[in-house]
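Here is the structure we will look at.
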Amino acid sequence: MPLLITGHSRGLGAALTRRALARGEIVYGVSRSALGTGQSALHELACDLSKLAAIAPALSRFVPADVALDEVWLNAGVLGRIANLRELAQEEINTVMDINVWANKAVIDWLAARAHAPKRVVLISSGAGVVGNHGWGAYALSKAALNMLAQLYAHELPATQLLALAPGLIDTDMQSALREVDIMRFPALKRLHAAHGSADMPDADTVAARIEAAMPRLSALASGSFIDLRKL
Ligand SMILES: NC(=O)c1ccc[n+]([C@@H]2O[C@H](COP(=O)([O-])OP(=O)(O)OC[C@H]3O[C@@H](n4cnc5c(N)ncnc54)[C@H](OP(=O)(O)O)[C@@H]3O)[C@@H](O)[C@H]2O)c1
């Protein structure tokens, strides 16, 4: 079963890729850098997903037309700057929205034009897109928009199950960046700083295993759903 995974080079995407390869699946990974497992079942495309117009042509060159992608994991994401929204320049917001939202639209539109519809497209979301904590600015806006992207495409792509999945806290580079932010200024981060090194912030391999174990329950959900893995 060939899979496409964006942001496969690090963090959750790398863990999802390793698990898929261990199950014997073929993975088409898209990131700026390589994971480089040396396995022939892993095909890697170096692609900057902020360059929206280049995404579809690059994917068409990368994935042969006769390869039927079974599942697609739209996982690549950036945090942007934690700050008051009024302090963020429009360009900073645009970059986060381009990578976290519009790149995913470009991939879904490319998929929709292919002969074979994937069984499932999972968009990796975040609780930040629902709770609206102080300082989460462009990231929170992008994940809220991502959730709606899943809901809207569910009407248009009846052969594909679209899910927006919040994975919960994961000990990755993204959380390391959050630990650099002053909790006095943004108190909602206190919980994240405290969770580091505890069971409340598992590593990416643990979260990928939880997602894999949850697949039977996830596949039963209505297309367009937003789900928090911790509440499944
Ligand atoms: N970590 C958490 O606690 C947490 C919680 C909730 C949701 N999430 C979500 O989970 C997903 C994965 O997060 P993570 O923590 O694993 O992040 P991460 O460790 O920072 O990894 C991000 C991945 O996205 C790729 N990426 C970033 N910018 C890109 C670009 N311009 N073009 C192509 N690829 C790009 C990176 O690859 P390159 O740098 O090689 O391009 C990398 O593979 C994200 O959508 C994030 O919002 C994370």
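Letters for chains follow the order of the structure tokens (A, B, ...), residue numbers begin at 1 for each chain, and ligand numbers begin at 1 in the order shown.
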If we count only C-alpha atoms, what is near Phe186 in chain A at a cut-off of 10 Å, once residues fewer than 3 positions away on the same chain are taken out, given as a PyMOL selection string?
chain A and resi 82-84+133-136+181-183+189-190
Collect all residues with atoms no farther than 7 Å from ligand 1, counting only C-alpha atoms and all ligand atoms, and output them as an MDAnalysis selection string.
chainID A and resid 6:14 30:34 47:50 75:79 99:100 124:127 166:175
So which one's closest to Thr37 in chain A, A:Lys51, A:Arg185, A:Ala15, A:Met201? Using only C-alpha atoms, please.
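The answer is A:Ala15, which sits nearest to Thr37 in chain A.
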Just to confirm, what's the straight-line distance from CA of Ala209 in chain A to CA of Ala22 in chain A in Å (one decimal)?
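Taking CA of Ala209 in chain A and CA of Ala22 in chain A, their separation equals 11.6 Å.
Comparing A:Ala117, A:Leu111, A:Ala54, A:Leu141 by their smallest distance to Val96 in chain A, the closest is A:Leu141 (using only C-alpha atoms).
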Sorted by chain and rising residue number, list the residues of range 8-33 of chain A at most 10 Å from range 210-216 of chain A (counting only C-alpha atoms), each with its closest atom pair and distance in Å to one decimal, as CSV.
residue,atom,partner,partner_atom,distance
A:Leu16,CA,A:Glu212,CA,8.5
A:Arg19,CA,A:Glu212,CA,8.4
A:Ala20,CA,A:Glu212,CA,9.3
Residues as selected, N, CA and C atoms, written as a CSV table (one decimal), in the first residue's frame, can you do that?
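Listing of out34.csv after writing:
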chain,number,residue,atom,x,y,z
A,16,LEU,N,6.0,8.1,11.7
A,16,LEU,CA,5.0,7.5,10.9
A,16,LEU,C,5.6,6.8,9.7
A,19,ARG,N,7.3,3.5,10.9
A,19,ARG,CA,6.3,2.4,11.2
A,19,ARG,C,5.7,1.9,9.9
A,20,ALA,N,5.5,2.7,8.9
A,20,ALA,CA,4.9,2.3,7.6
A,20,ALA,C,5.9,1.3,6.9
As a PyMOL selection string, please: every residue in range 2-229 of chain A that a backbone DSSP assignment puts in strand (DSSP E).
chain A and resi 3-6+27-31+42-46+71-74+120-124+161-166+225-228
Residues of the last selection are to be written out with C-alpha atoms, as a PDB file, in the first residue's frame.
ATOM      1  CA  LEU A   3       1.592   6.109   1.260  1.00  0.00           C
ATOM      2  CA  LEU A   4       2.466   9.773   0.868  1.00  0.00           C
ATOM      3  CA  ILE A   5       3.741  11.500   4.023  1.00  0.00           C
ATOM      4  CA  THR A   6       4.707  15.163   4.202  1.00  0.00           C
ATOM      5  CA  VAL A  27       6.431   5.505   1.388  1.00  0.00           C
ATOM      6  CA  TYR A  28       6.688   8.654  -0.716  1.00  0.00           C
ATOM      7  CA  GLY A  29       8.128  11.220   1.712  1.00  0.00           C
ATOM      8  CA  VAL A  30       8.113  14.959   1.089  1.00  0.00           C
ATOM      9  CA  SER A  31      10.258  17.360   3.158  1.00  0.00           C
ATOM     10  CA  LEU A  42      11.305   4.922   0.885  1.00  0.00           C
ATOM     11  CA  HIS A  43      11.194   7.445  -1.959  1.00  0.00           C
ATOM     12  CA  GLU A  44      12.116  10.979  -0.906  1.00  0.00           C
ATOM     13  CA  LEU A  45      11.364  14.306  -2.525  1.00  0.00           C
ATOM     14  CA  ALA A  46      13.238  17.410  -1.411  1.00  0.00           C
ATOM     15  CA  GLU A  71      -3.222   6.863   2.385  1.00  0.00           C
ATOM     16  CA  VAL A  72      -1.869  10.401   2.579  1.00  0.00           C
ATOM     17  CA  TRP A  73      -0.555  11.978   5.778  1.00  0.00           C
ATOM     18  CA  LEU A  74      -0.388  15.774   5.572  1.00  0.00           C
ATOM     19  CA  ARG A 120      -7.821   8.307   3.456  1.00  0.00           C
ATOM     20  CA  VAL A 121      -6.172  11.724   3.855  1.00  0.00           C
ATOM     21  CA  VAL A 122      -5.146  12.583   7.424  1.00  0.00           C
ATOM     22  CA  LEU A 123      -4.317  16.220   8.122  1.00  0.00           C
ATOM     23  CA  ILE A 124      -2.248  16.554  11.284  1.00  0.00           C
ATOM     24  CA  GLN A 161     -12.076   9.827   4.116  1.00  0.00           C
ATOM     25  CA  LEU A 162     -10.605  13.160   5.276  1.00  0.00           C
ATOM     26  CA  LEU A 163      -9.661  13.483   8.937  1.00  0.00           C
ATOM     27  CA  ALA A 164      -8.099  16.334  10.915  1.00  0.00           C
ATOM     28  CA  LEU A 165      -6.206  14.599  13.719  1.00  0.00           C
ATOM     29  CA  ALA A 166      -4.728  16.377  16.753  1.00  0.00           C
ATOM     30  CA  SER A 225     -14.158  14.963  11.347  1.00  0.00           C
ATOM     31  CA  PHE A 226     -11.742  16.663  13.719  1.00  0.00           C
ATOM     32  CA  ILE A 227     -10.478  14.264  16.402  1.00  0.00           C
ATOM     33  CA  ASP A 228      -8.100  14.575  19.314  1.00  0.00           C
TER      34      ASP A 228
END
Please determine, counting only C-alpha atoms, which residue among A:Arg114, A:Arg23, A:His196, A:Arg18 has the shortest atom-to-atom distance to Pro64 in chain A.
A:Arg114
Residue list (alpha helix (DSSP H), DSSP) for range 14-232 of chain A, as a ChimeraX atom specification:
/A:14-22,52-62,90-97,103-112,128-131,137-156,173-178,190-195,204-218
Expected file contents, prior selection, C-alpha atoms, as a PDB file, in the first residue's frame:
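Result file follows (out-v4.pdb):
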ATOM      1  CA  ALA A  14       9.620  10.392  10.596  1.00  0.00           C
ATOM      2  CA  ALA A  15       8.015   8.065  13.153  1.00  0.00           C
ATOM      3  CA  LEU A  16       4.973   7.475  10.914  1.00  0.00           C
ATOM      4  CA  THR A  17       7.356   6.762   8.033  1.00  0.00           C
ATOM      5  CA  ARG A  18       9.436   4.280  10.045  1.00  0.00           C
ATOM      6  CA  ARG A  19       6.298   2.425  11.170  1.00  0.00           C
ATOM      7  CA  ALA A  20       4.911   2.251   7.623  1.00  0.00           C
ATOM      8  CA  LEU A  21       8.236   0.918   6.315  1.00  0.00           C
ATOM      9  CA  ALA A  22       8.277  -1.661   9.126  1.00  0.00           C
ATOM     10  CA  LEU A  52       2.995  26.568  -3.404  1.00  0.00           C
ATOM     11  CA  ALA A  53       3.065  26.738  -7.201  1.00  0.00           C
ATOM     12  CA  ALA A  54       5.896  24.201  -7.387  1.00  0.00           C
ATOM     13  CA  ILE A  55       4.126  21.506  -5.315  1.00  0.00           C
ATOM     14  CA  ALA A  56       1.843  19.876  -7.904  1.00  0.00           C
ATOM     15  CA  PRO A  57       4.459  19.696 -10.707  1.00  0.00           C
ATOM     16  CA  ALA A  58       7.024  18.287  -8.257  1.00  0.00           C
ATOM     17  CA  LEU A  59       4.585  15.637  -7.008  1.00  0.00           C
ATOM     18  CA  SER A  60       3.693  14.640 -10.583  1.00  0.00           C
ATOM     19  CA  ARG A  61       7.382  14.064 -11.340  1.00  0.00           C
ATOM     20  CA  PHE A  62       7.877  12.244  -8.025  1.00  0.00           C
ATOM     21  CA  GLN A  90       1.661  39.747   7.745  1.00  0.00           C
ATOM     22  CA  GLU A  91       4.575  37.943   5.996  1.00  0.00           C
ATOM     23  CA  GLU A  92       5.177  35.738   9.064  1.00  0.00           C
ATOM     24  CA  ILE A  93       1.507  34.777   9.190  1.00  0.00           C
ATOM     25  CA  ASN A  94       1.477  34.096   5.449  1.00  0.00           C
ATOM     26  CA  THR A  95       4.460  31.726   5.691  1.00  0.00           C
ATOM     27  CA  VAL A  96       2.808  29.684   8.456  1.00  0.00           C
ATOM     28  CA  MET A  97      -0.514  29.618   6.586  1.00  0.00           C
ATOM     29  CA  ALA A 103       0.418  23.487   0.835  1.00  0.00           C
ATOM     30  CA  ASN A 104      -2.089  20.874   1.987  1.00  0.00           C
ATOM     31  CA  LYS A 105      -4.695  22.320  -0.369  1.00  0.00           C
ATOM     32  CA  ALA A 106      -2.151  22.046  -3.194  1.00  0.00           C
ATOM     33  CA  VAL A 107      -1.523  18.373  -2.362  1.00  0.00           C
ATOM     34  CA  ILE A 108      -5.246  17.550  -2.038  1.00  0.00           C
ATOM     35  CA  ASP A 109      -6.020  19.277  -5.357  1.00  0.00           C
ATOM     36  CA  TRP A 110      -3.201  17.310  -6.988  1.00  0.00           C
ATOM     37  CA  LEU A 111      -4.639  14.085  -5.505  1.00  0.00           C
ATOM     38  CA  ALA A 112      -8.134  14.977  -6.744  1.00  0.00           C
ATOM     39  CA  ALA A 128      -4.128  24.806  19.468  1.00  0.00           C
ATOM     40  CA  GLY A 129      -6.516  25.248  16.553  1.00  0.00           C
ATOM     41  CA  VAL A 130      -9.469  24.861  18.903  1.00  0.00           C
ATOM     42  CA  VAL A 131      -8.514  26.392  22.258  1.00  0.00           C
ATOM     43  CA  GLY A 137      -1.165  33.453  16.675  1.00  0.00           C
ATOM     44  CA  ALA A 138      -0.500  32.175  13.192  1.00  0.00           C
ATOM     45  CA  TYR A 139      -0.195  28.529  14.306  1.00  0.00           C
ATOM     46  CA  ALA A 140      -3.638  28.502  15.955  1.00  0.00           C
ATOM     47  CA  LEU A 141      -5.174  30.274  12.954  1.00  0.00           C
ATOM     48  CA  SER A 142      -3.557  27.774  10.589  1.00  0.00           C
ATOM     49  CA  LYS A 143      -4.763  24.700  12.474  1.00  0.00           C
ATOM     50  CA  ALA A 144      -8.314  26.096  12.768  1.00  0.00           C
ATOM     51  CA  ALA A 145      -8.276  26.619   8.992  1.00  0.00           C
ATOM     52  CA  LEU A 146      -6.843  23.108   8.495  1.00  0.00           C
ATOM     53  CA  ASN A 147      -9.776  21.611  10.410  1.00  0.00           C
ATOM     54  CA  MET A 148     -12.192  23.426   8.128  1.00  0.00           C
ATOM     55  CA  LEU A 149     -10.187  22.310   5.068  1.00  0.00           C
ATOM     56  CA  ALA A 150     -10.911  18.680   6.032  1.00  0.00           C
ATOM     57  CA  GLN A 151     -14.584  19.445   6.564  1.00  0.00           C
ATOM     58  CA  LEU A 152     -14.997  21.271   3.253  1.00  0.00           C
ATOM     59  CA  TYR A 153     -13.084  18.742   1.123  1.00  0.00           C
ATOM     60  CA  ALA A 154     -15.194  15.939   2.649  1.00  0.00           C
ATOM     61  CA  HIS A 155     -18.119  17.257   0.562  1.00  0.00           C
ATOM     62  CA  GLU A 156     -16.073  17.265  -2.623  1.00  0.00           C
ATOM     63  CA  ASP A 173      11.838  19.917  17.683  1.00  0.00           C
ATOM     64  CA  MET A 174       8.555  21.865  17.743  1.00  0.00           C
ATOM     65  CA  GLN A 175       8.255  21.403  21.515  1.00  0.00           C
ATOM     66  CA  SER A 176      11.960  22.314  21.958  1.00  0.00           C
ATOM     67  CA  ALA A 177      11.191  25.631  20.246  1.00  0.00           C
ATOM     68  CA  LEU A 178       8.242  26.184  22.589  1.00  0.00           C
ATOM     69  CA  LYS A 190       3.643  26.429  31.520  1.00  0.00           C
ATOM     70  CA  ARG A 191       1.751  23.148  31.053  1.00  0.00           C
ATOM     71  CA  LEU A 192       3.925  22.246  28.028  1.00  0.00           C
ATOM     72  CA  HIS A 193       7.205  23.068  29.765  1.00  0.00           C
ATOM     73  CA  ALA A 194       6.122  20.974  32.765  1.00  0.00           C
ATOM     74  CA  ALA A 195       5.082  18.044  30.550  1.00  0.00           C
ATOM     75  CA  ALA A 204       7.172  10.580  18.302  1.00  0.00           C
ATOM     76  CA  ASP A 205       7.531   6.783  18.029  1.00  0.00           C
ATOM     77  CA  THR A 206       5.059   6.316  20.901  1.00  0.00           C
ATOM     78  CA  VAL A 207       2.538   8.693  19.319  1.00  0.00           C
ATOM     79  CA  ALA A 208       2.911   7.049  15.900  1.00  0.00           C
ATOM     80  CA  ALA A 209       2.247   3.662  17.528  1.00  0.00           C
ATOM     81  CA  ARG A 210      -0.879   5.103  19.213  1.00  0.00           C
ATOM     82  CA  ILE A 211      -2.099   6.450  15.891  1.00  0.00           C
ATOM     83  CA  GLU A 212      -1.520   3.069  14.253  1.00  0.00           C
ATOM     84  CA  ALA A 213      -3.442   1.325  17.046  1.00  0.00           C
ATOM     85  CA  ALA A 214      -6.285   3.852  16.680  1.00  0.00           C
ATOM     86  CA  MET A 215      -6.698   3.310  12.922  1.00  0.00           C
ATOM     87  CA  PRO A 216      -9.716   0.966  13.211  1.00  0.00           C
ATOM     88  CA  ARG A 217     -11.538   3.623  15.292  1.00  0.00           C
ATOM     89  CA  LEU A 218     -10.356   6.460  13.063  1.00  0.00           C
TER      90      LEU A 218
END
Can you tell me how far CA of Pro2 in chain A sits from CA of Ala41 in chain A, in Å to one decimal?
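Atom-to-atom, CA of Pro2 in chain A to CA of Ala41 in chain A, that is 9.2 Å.
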Between CA of Pro187 in chain A and CA of Gly132 in chain A - distance in Å to one decimal:
12.9 Å
